[in-house]
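Below: one structure, written as structure tokens.
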Amino acid sequence: MFHAAIAALLLLNAGVALWRLHRGPTSADRMLAAELISVSAIAVLLLLGIGLAQPALVDVALIFALLAAVATANFVTRTWTLLHEESGNREEAGRD
Amino acid sequence: MSGLVIGFDLLLVAGLAWLAWQALFDRHRFSAVVHFMAFGLVMALVWVRLDALDIALAEAAIGAGVTGALLLAALGRLPATGGHSPAWRAAQRPLVLLALSTALLATLALAWVAWQLPRPGLAVPIAEALPESGVTHAVTAILLNLRAWDTLLEIAVMLTGVFLVWSLGAALVPYAPATALPGLPALTRLLHPLFLLVPAYLLWRGSHAPGGAFPAGAVLGAGGVLLVLAGALPWMHEPRRQPLLRLLLAAGLLLFLAVALGGLLLTGTFLAIPASMAGNVILAVETAAALSIALMLMAFYLYGEPGR
Amino acid sequence: MTEWLSLLGYVLITAGAIFFITGSLGLIRFPDLYARLHALTKADNLGLGLICLGLACQAPDLAAALKILLVWGLILIATSIGATLIASTALACGLRPRLGRPSPPAVTRDDTRRP
């Protein structure tokens with residue numbers, strides 16, 4: 001009961017990150033929002049794994065945690081050109 | 001309790017629908033890709049709620065890890081803005097409506113067909129055949145013994161995909177990063193032991209619990225993508241190593257075919273594995289398939305033929 | 001003993017959830033990329049860490065508890081190194097951090113943004 005309630009709360013909290021994901025303004029901000037969703041998903045999986053006594057869910061969380069770095073590493077080595085183009089538009093870069 | 005769980009599920013479904021909509025219709029390309037990556041994360045949670053842990057493992061590894069990496073790397077080659085003009089979008093609107101209504105009709109038809117399926121399904125015959133299959137987990141038994149034909153063709157389809165990508169041209173030479181990134185080699189060094197350990201664990205677990213070749217291969221492939229990013233795999237581009245690379249790419253399919261032909265010789269049926277040796281044969285095929293799947297994902301990531 | 005551990009687990013999980021909420025509050029409200037990075041990586045790692053610790057207290061056996069803590073360790077490595085990667089790339093691409101004292105936004109907003 002307690003675990004499911006906290007899991008629902010974290011899911012709602014990750015829903016807030018969807019606003020940042022939609023809004024931007026830079027692509028790095030969107031990566032941050034995706035990271036928050038990924039970490040929330042890990043916490044939800046662990047909470048459900050203990051709360052519903054399903055130990056296999058911890059394996060799914062382990063895979064999420066292992067792959068969390070792959071997207072960031074890709075962004076900084078292969079997709080950073082977007083960031084370069086966005087920073088030319090200083091008006092967009094500094095605001096909220 | 002049940003009200004809370006229903007609320008949790010409704011939140012998941014609402015988030016999933018929003019992410020899918022944004023991934024399809026967001027004008028900003030990068031935003032659409034990140035929405036798609038988040039869609040993979042939420043989809044894995046949905047599979048967990050549907051008690052399909054095997055699919056959740058595969059979705060977590062492929063959807064959240066490797067597909068996102070492939071899309072991000074492709075996006076780095078495209079201009080940030082641009083895209084289509086408003087006039088073009090307006091002209092596309094009838095087509096979008098047509099596609100949406102077709103999708104809706106197809107969903108309704110599929111739901112009707114699913115409703116008509118015989119109720120107990122195939123669970124009872126599969127449970128009866130399980131002792132013959134050599135493993136104790138039903139999904140692995142289906143994928144590698146009872147319906148091994150499907151898995152064989154899936155691996156062949158992936159290999160065909162690699163042929164197609166490589167036939168497009170020479171491997172892309174990536175731009176150098178914007179600045180020196182000493183964190184990147186440190187990241188690969190710290191994570192790499194686990195990128196080897198976790199696939200081995202998933203393979204071993206596959207015989208009696210959710211796991212198996214596809215999640216293991218995808219996790220191993222994501223680790224390989226990280227190595228490619230850090231520039232730690234120069235041998236993939238050396239011309240004299242190309243035969244070895246191609247052999248490893250085909251190893252999973254070749255071993256699978258050898259097992260199928262061996263079954264034809266021993267029992268007279270294509271792909272029939274004798275029950276006495278099924279456990280070991282399945283483990284061998286799964287290991288080879290996982291290694292090949294990992295290498296194929298890395299081969300996609302090169303965006304062209306290496307060593308040319 | 002086990003009841004005390006379980007009770008401690010509930011307290012830690014609640015604290016972790018509070019850190020998650022502050023983290024997403026920072027992600028929404030902070031003024032520029034670097035501040036948001038700070039809010040996210042600090043608060044999320046601490047939030048997930050407290051939740052993992054709390055769940056490890058309630059885990060059925062030691063192996064399960066260690067696996068939960070391993071998840072936390074992996075996220076610590078991934079997000080802390082990822083934060084330096086994103087910050088140094090953004091700096092190199094010309095995204096300037098917002099400088100200056102925290103002051104009423106309406107007065108000094110424009111000149112702090114372009115130093």
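Labeling convention for the structure tokens: chains A, B, ... as they appear, residues from 1 per chain, ligands from 1 in order of appearance.
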Report as a list in words the set of chain A residues whose atoms approach chain B to within 6 Å, with distances computed over only C-alpha atoms.
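Listed by rising number, the hits are Ala8, Val60, Leu67, Ala71, Thr77, Arg78, Thr79 and Leu82 of chain A.
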Output the contact residues of chain C with respect to chain B at a cut-off of 7 Å, based on only C-alpha atoms, as a ChimeraX atom specification.
/C:81,85,89,92-93
Using only C-alpha atoms, which of A:Ala43, A:Ala17, A:Leu62, A:Arg30 sits nearest Ile13 (chain C)?
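Checking each of A:Ala43, A:Ala17, A:Leu62, A:Arg30 against Ile13 (chain C), counting only C-alpha atoms, the winner is A:Ala43.
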Compute the set of chain C residues within 8 Å of chain A, using only C-alpha atoms, and express it as a VMD selection string.
chain C and resid 14 17 20 to 21 24 27 to 33 36 to 37 40 44 48 51 to 52 55 58 to 59 64 67 to 68 70 to 72 74 to 75 78 to 79 82 85 to 86 89 to 90 93 to 98 113
Would you export the selected residues with C-alpha atoms as an mmCIF file, in the first residue's frame, please?
data_model
loop_
_atom_site.group_PDB
_atom_site.id
_atom_site.type_symbol
_atom_site.label_atom_id
_atom_site.label_comp_id
_atom_site.auth_asym_id
_atom_site.auth_seq_id
_atom_site.Cartn_x
_atom_site.Cartn_y
_atom_site.Cartn_z
ATOM 1 C CA THR C 14 9.469 9.124 2.482
ATOM 2 C CA ALA C 17 10.292 10.984 -2.240
ATOM 3 C CA PHE C 20 12.477 13.733 -5.794
ATOM 4 C CA ILE C 21 9.840 16.464 -5.511
ATOM 5 C CA SER C 24 11.631 18.329 -10.172
ATOM 6 C CA LEU C 27 13.998 21.458 -12.897
ATOM 7 C CA ILE C 28 10.918 23.613 -13.449
ATOM 8 C CA ARG C 29 11.819 26.799 -11.595
ATOM 9 C CA PHE C 30 15.594 27.312 -11.885
ATOM 10 C CA PRO C 31 16.696 30.010 -14.317
ATOM 11 C CA ASP C 32 19.297 28.379 -16.572
ATOM 12 C CA LEU C 33 20.648 25.031 -17.714
ATOM 13 C CA ARG C 36 18.751 22.948 -13.427
ATOM 14 C CA LEU C 37 21.586 20.436 -13.860
ATOM 15 C CA LEU C 40 18.447 17.468 -10.952
ATOM 16 C CA ASP C 44 17.709 12.881 -7.812
ATOM 17 C CA LEU C 48 17.019 7.624 -5.328
ATOM 18 C CA ILE C 51 14.725 5.216 -1.522
ATOM 19 C CA CYS C 52 17.264 2.480 -2.321
ATOM 20 C CA LEU C 55 14.094 -0.541 0.257
ATOM 21 C CA GLN C 58 12.995 -3.981 3.785
ATOM 22 C CA ALA C 59 14.488 -6.459 1.277
ATOM 23 C CA ALA C 64 18.375 -8.576 -2.879
ATOM 24 C CA LYS C 67 21.358 -5.653 -5.791
ATOM 25 C CA ILE C 68 19.164 -2.647 -4.912
ATOM 26 C CA LEU C 70 24.077 -1.707 -6.871
ATOM 27 C CA VAL C 71 21.334 0.087 -8.850
ATOM 28 C CA TRP C 72 22.024 3.208 -6.787
ATOM 29 C CA LEU C 74 25.244 2.658 -11.136
ATOM 30 C CA ILE C 75 22.988 5.720 -11.179
ATOM 31 C CA ALA C 78 26.006 7.555 -14.677
ATOM 32 C CA THR C 79 24.423 10.828 -13.578
ATOM 33 C CA GLY C 82 26.840 12.620 -17.228
ATOM 34 C CA LEU C 85 29.760 15.793 -19.714
ATOM 35 C CA ILE C 86 26.643 17.889 -20.362
ATOM 36 C CA THR C 89 29.748 20.448 -23.654
ATOM 37 C CA ALA C 90 27.185 23.210 -23.094
ATOM 38 C CA CYS C 93 29.043 25.351 -27.274
ATOM 39 C CA GLY C 94 28.647 28.899 -25.968
ATOM 40 C CA LEU C 95 25.711 28.570 -23.550
ATOM 41 C CA ARG C 96 26.707 31.120 -20.924
ATOM 42 C CA PRO C 97 25.692 30.594 -17.314
ATOM 43 C CA ARG C 98 23.540 33.351 -15.841
ATOM 44 C CA ARG C 113 21.822 37.894 -19.123
#
Tell me which protein, DNA and RNA residues are within 9 Å of Ile155 (chain B), counting only C-alpha atoms, leaving out same-chain ones fewer than 4 positions away, and put them as a list in words.
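What passes the distance filter is Asp150, Thr151, Leu159, Thr160, Gly252, Leu253, Ala289, Ser292 and Ile293 of chain B.
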Generate a file of the selected residues that holds N, CA, C and O atoms, formatted as a PDB file, in the first residue's frame.
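That gives us out_6.pdb:
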ATOM      1  N   ASP B 150      10.572 -18.972 -35.604  1.00  0.00           N
ATOM      2  CA  ASP B 150      10.377 -17.518 -35.565  1.00  0.00           C
ATOM      3  C   ASP B 150      11.660 -16.801 -35.151  1.00  0.00           C
ATOM      4  O   ASP B 150      12.055 -15.798 -35.749  1.00  0.00           O
ATOM      5  N   THR B 151      12.310 -17.340 -34.104  1.00  0.00           N
ATOM      6  CA  THR B 151      13.524 -16.684 -33.621  1.00  0.00           C
ATOM      7  C   THR B 151      14.625 -16.734 -34.667  1.00  0.00           C
ATOM      8  O   THR B 151      15.354 -15.756 -34.874  1.00  0.00           O
ATOM      9  N   LEU B 159      20.224  -9.558 -39.470  1.00  0.00           N
ATOM     10  CA  LEU B 159      21.438  -9.629 -40.282  1.00  0.00           C
ATOM     11  C   LEU B 159      21.213  -8.951 -41.634  1.00  0.00           C
ATOM     12  O   LEU B 159      22.082  -8.227 -42.138  1.00  0.00           O
ATOM     13  N   THR B 160      20.012  -9.137 -42.214  1.00  0.00           N
ATOM     14  CA  THR B 160      19.682  -8.452 -43.463  1.00  0.00           C
ATOM     15  C   THR B 160      19.719  -6.942 -43.269  1.00  0.00           C
ATOM     16  O   THR B 160      20.184  -6.205 -44.145  1.00  0.00           O
ATOM     17  N   GLY B 252      25.640 -16.265 -34.742  1.00  0.00           N
ATOM     18  CA  GLY B 252      24.385 -16.698 -34.132  1.00  0.00           C
ATOM     19  C   GLY B 252      23.507 -17.434 -35.126  1.00  0.00           C
ATOM     20  O   GLY B 252      23.007 -18.524 -34.850  1.00  0.00           O
ATOM     21  N   LEU B 253      23.372 -16.831 -36.325  1.00  0.00           N
ATOM     22  CA  LEU B 253      22.535 -17.454 -37.351  1.00  0.00           C
ATOM     23  C   LEU B 253      23.121 -18.786 -37.786  1.00  0.00           C
ATOM     24  O   LEU B 253      22.398 -19.782 -37.963  1.00  0.00           O
ATOM     25  N   ALA B 289      23.682 -16.342 -30.154  1.00  0.00           N
ATOM     26  CA  ALA B 289      22.725 -15.349 -30.634  1.00  0.00           C
ATOM     27  C   ALA B 289      22.925 -14.015 -29.918  1.00  0.00           C
ATOM     28  O   ALA B 289      22.893 -12.955 -30.547  1.00  0.00           O
ATOM     29  N   SER B 292      25.966 -12.263 -31.325  1.00  0.00           N
ATOM     30  CA  SER B 292      25.703 -11.736 -32.664  1.00  0.00           C
ATOM     31  C   SER B 292      24.772 -10.539 -32.617  1.00  0.00           C
ATOM     32  O   SER B 292      24.981  -9.566 -33.346  1.00  0.00           O
ATOM     33  N   ILE B 293      23.732 -10.602 -31.748  1.00  0.00           N
ATOM     34  CA  ILE B 293      22.805  -9.469 -31.650  1.00  0.00           C
ATOM     35  C   ILE B 293      23.564  -8.230 -31.191  1.00  0.00           C
ATOM     36  O   ILE B 293      23.392  -7.134 -31.743  1.00  0.00           O
TER      37      ILE B 293
END
Pairwise distance for CA of Ser276 (chain B) and CA of Ala148 (chain B), rounded to one decimal in Å:
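About the pair CA of Ser276 (chain B) and CA of Ala148 (chain B): they are 17.3 Å apart.
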Can you tell me how far CA of Leu283 (chain B) sits from CA of Trp47 (chain B), in Å to one decimal?
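Atom-to-atom, CA of Leu283 (chain B) and CA of Trp47 (chain B) are spaced 25.5 Å apart.
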As a list in words, please: the residues near Ala258 (chain B) (cut-off 12 Å, only C-alpha atoms, same-chain neighbours under 5 positions excluded).
Leu152, Ala251, Gly252, Leu253, Gly263, Leu264, Leu265, Phe270, Leu271, Ala272, Ile273, Val281, Ala284, Val285 and Ala288 of chain B
Expected file contents, prior selection, C-alpha atoms, as a CSV table (one decimal), in the first residue's frame:
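Written out: part_32.csv:
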chain,number,residue,atom,x,y,z
B,152,LEU,CA,15.7,-18.0,-36.4
B,251,ALA,CA,27.8,-16.7,-35.8
B,252,GLY,CA,24.4,-16.7,-34.1
B,253,LEU,CA,22.5,-17.5,-37.4
B,263,GLY,CA,17.8,-31.9,-35.6
B,264,LEU,CA,16.9,-32.9,-39.2
B,265,LEU,CA,19.7,-35.6,-39.2
B,270,PHE,CA,13.9,-29.6,-39.1
B,271,LEU,CA,14.7,-27.7,-35.9
B,272,ALA,CA,13.7,-30.6,-33.6
B,273,ILE,CA,16.0,-30.7,-30.6
B,281,VAL,CA,22.0,-26.8,-27.0
B,284,ALA,CA,24.8,-22.6,-26.7
B,285,VAL,CA,22.4,-21.1,-29.3
B,288,ALA,CA,25.9,-17.2,-29.9
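Picture a line from CA of Ala4 (chain A) to CA of Leu48 (chain A); it runs 6.6 Å.
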